[in-house]
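Colleague: Take a look at the following structure, please.
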Amino acid sequence: MRKVLRTGKLILLALLIVCAALPLMRAEAALRRGSTGDEVAAVQKRLRQWGYYSGAVDGIFGYATERAVRWFQEKNGLTVDGIVGEKTAAAMGLRLSSAVSASTKPASGDVYLLAQCIYSESRGEPYKGQVAVGAVVLNRVKSSSFPNSISGVIYQKGAFSAVDDGQINLTPNDSALKAARDAMNGWDPTGGCLYYYNPAKTTNRWIRSRPIVLRIGKHVFCK
């Protein structure tokens with residue numbers, strides 16, 4: 001009988017512990033750096049209307065958006081963490097949907113690395129040109145003449161000057177992240193090109209001998 005009572009007490013204790021933990025287990029809906037989607041675009045739109053944000057309303061929660069959120073939080077007496085949780089969203093007049101957690105995943109390793117390459121190689125170029133640089137990397141991945149992974153292509157010896165001079169380690173901006181996603185979703189402005197270069201900077205005779213397919217900004221793209 002005592003054994004039964006003891007077992008019952010243990011079960012009751014376990015249930016009490018689980019019930020007490022349930023509020024802690026409920027993850028608060030939140031948007032943070034790396035989040036994407038309409039919820040992020042709505043935040044950017046509000047912040048831009050109020051003068052906290054001057055970037056593109058592109059639905060990508062990057063460094064500029066995080067900085068604007070921190071500024072908004074500071075000015076409105078909120079916890080300054082750069083995260084749009086329920087309280088910050090309410091202060092903006094927004095309500096986060098329960099599905100927001102599905103859009104708060106940061107850029108995957110490949111997307112982020114591709115964005116780093118795009119940013120370090122083509123920041124300042126037209127957006128189409130940034131996507132084109134990403135497309136060249138992906139075209140090389142598909143080609144049997146190059147390594148079959150994004151990291152393999154980018155870090156192939158002598159392939160990209162940004163790797164040689166260390167600029168590959170710079171933090172990509174919102175535009176580069178969006179360009180990386182567009183390239184990975186199939187947009188190829190180059191039509192299958194495997195090479196690009198800046199004629200004003202490149203002295204390599206071999207690359208200059210390649211037939212030029214198109215020009216975007218300061219880069220020419222070739223096969």
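Here's how to read the names in the structure tokens: chain A, B, ... by the order shown, residue numbers from 1 in each chain, ligand numbers from 1 in the order shown.
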Please provide the set of residues having any atom within 12 Å of Asn185 (chain A), restricted to only C-alpha atoms, with same-chain residues fewer than 3 positions apart removed, written as a count of residues only.
Modeller: 11
Colleague: Would you mind writing down, as a tab-separated table (two decimals) with C-alpha atoms, in the first residue's frame, each residue of region 2-212 of chain A that DSSP on the backbone assigns to strand (DSSP E)?
Modeller:
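Written file, selection-v1.tsv:
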```tsv
chain	number	residue	atom	x	y	z
A	195	TYR	CA	32.78	33.93	-65.06
A	196	TYR	CA	32.64	37.68	-64.46
A	197	TYR	CA	35.21	40.42	-64.01
A	212	ILE	CA	31.37	38.51	-73.20
```
Colleague: Hey, what's within 7 Å of Val137 (chain A) if we count only C-alpha atoms and toss same-chain stuff fewer than 3 positions away? As a list in words, please?
Modeller: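 What passes the distance filter is Val133, Gly134, Arg140, Val141, Ile150 and Val153 of chain A.
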Colleague: Would you save the residues of that selection, restricted to N, CA and C atoms, as a JSON list (two decimals), in the first residue's frame?
Modeller:
```json
[["chain", "number", "residue", "atom", "x", "y", "z"],
["A", 133, "VAL", "N", 26.10, 37.77, -59.71],
["A", 133, "VAL", "CA", 27.30, 37.21, -59.08],
["A", 133, "VAL", "C", 26.93, 35.92, -58.34],
["A", 134, "GLY", "N", 25.81, 35.95, -57.62],
["A", 134, "GLY", "CA", 25.36, 34.74, -56.95],
["A", 134, "GLY", "C", 25.06, 33.63, -57.94],
["A", 140, "ARG", "N", 28.57, 27.48, -61.34],
["A", 140, "ARG", "CA", 29.80, 26.71, -61.18],
["A", 140, "ARG", "C", 29.54, 25.43, -60.38],
["A", 141, "VAL", "N", 28.67, 25.53, -59.38],
["A", 141, "VAL", "CA", 28.34, 24.34, -58.60],
["A", 141, "VAL", "C", 27.74, 23.26, -59.50],
["A", 150, "ILE", "N", 28.68, 25.08, -52.78],
["A", 150, "ILE", "CA", 28.86, 26.53, -52.74],
["A", 150, "ILE", "C", 30.16, 26.89, -52.04],
["A", 153, "VAL", "N", 33.16, 26.05, -54.30],
["A", 153, "VAL", "CA", 33.34, 27.01, -55.39],
["A", 153, "VAL", "C", 33.93, 28.31, -54.87]]
```
Colleague: Quick one: residues within 9 Å of Val69 (chain A), only C-alpha atoms, excluding same-chain residues fewer than 3 positions away - as a count of residues only?
Modeller: 17
Colleague: Could you state the separation of CA of Arg33 (chain A) and CA of Gly93 (chain A) in Å, given to one decimal place?
Modeller: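 Computed distance, CA of Arg33 (chain A) to CA of Gly93 (chain A), equals 20.2 Å.
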Colleague: Using only C-alpha atoms, can you tell me which of A:Val220, A:Met184, A:Leu113, A:Ala162 comes closest to Ile207 (chain A)?
Modeller: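 The answer is A:Val220, which sits nearest to Ile207 (chain A).
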Colleague: From the set A:Arg215, A:Ser151, A:Ser97, A:Gly191, which residue has the shortest atom-to-atom contact distance to Gly109 (chain A), counting only C-alpha atoms?
Modeller: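 Of the candidates, the smallest distance to Gly109 (chain A) is held by A:Ser151.
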Colleague: Report as a list in words all protein, DNA and RNA residues lying within 12 Å of Ala200 (chain A), evaluated on only C-alpha atoms, omitting residues in the same chain fewer than 6 positions from it.
Modeller: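 Contacts, in chain order: Arg208, Gly217, Lys218, His219 and Val220 of chain A.
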Colleague: In Å, rounded to a single decimal, give me how far CA of Ala176 (chain A) is from CA of Tyr112 (chain A).
Modeller: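 It comes out at 9.0 Å.
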Colleague: Kindly give the distance, in Å, that separates CA of Leu214 (chain A) and CA of Glu125 (chain A), rounded to a single decimal.
Modeller: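 Computing the Euclidean distance for CA of Leu214 (chain A) and CA of Glu125 (chain A) yields 14.6 Å.
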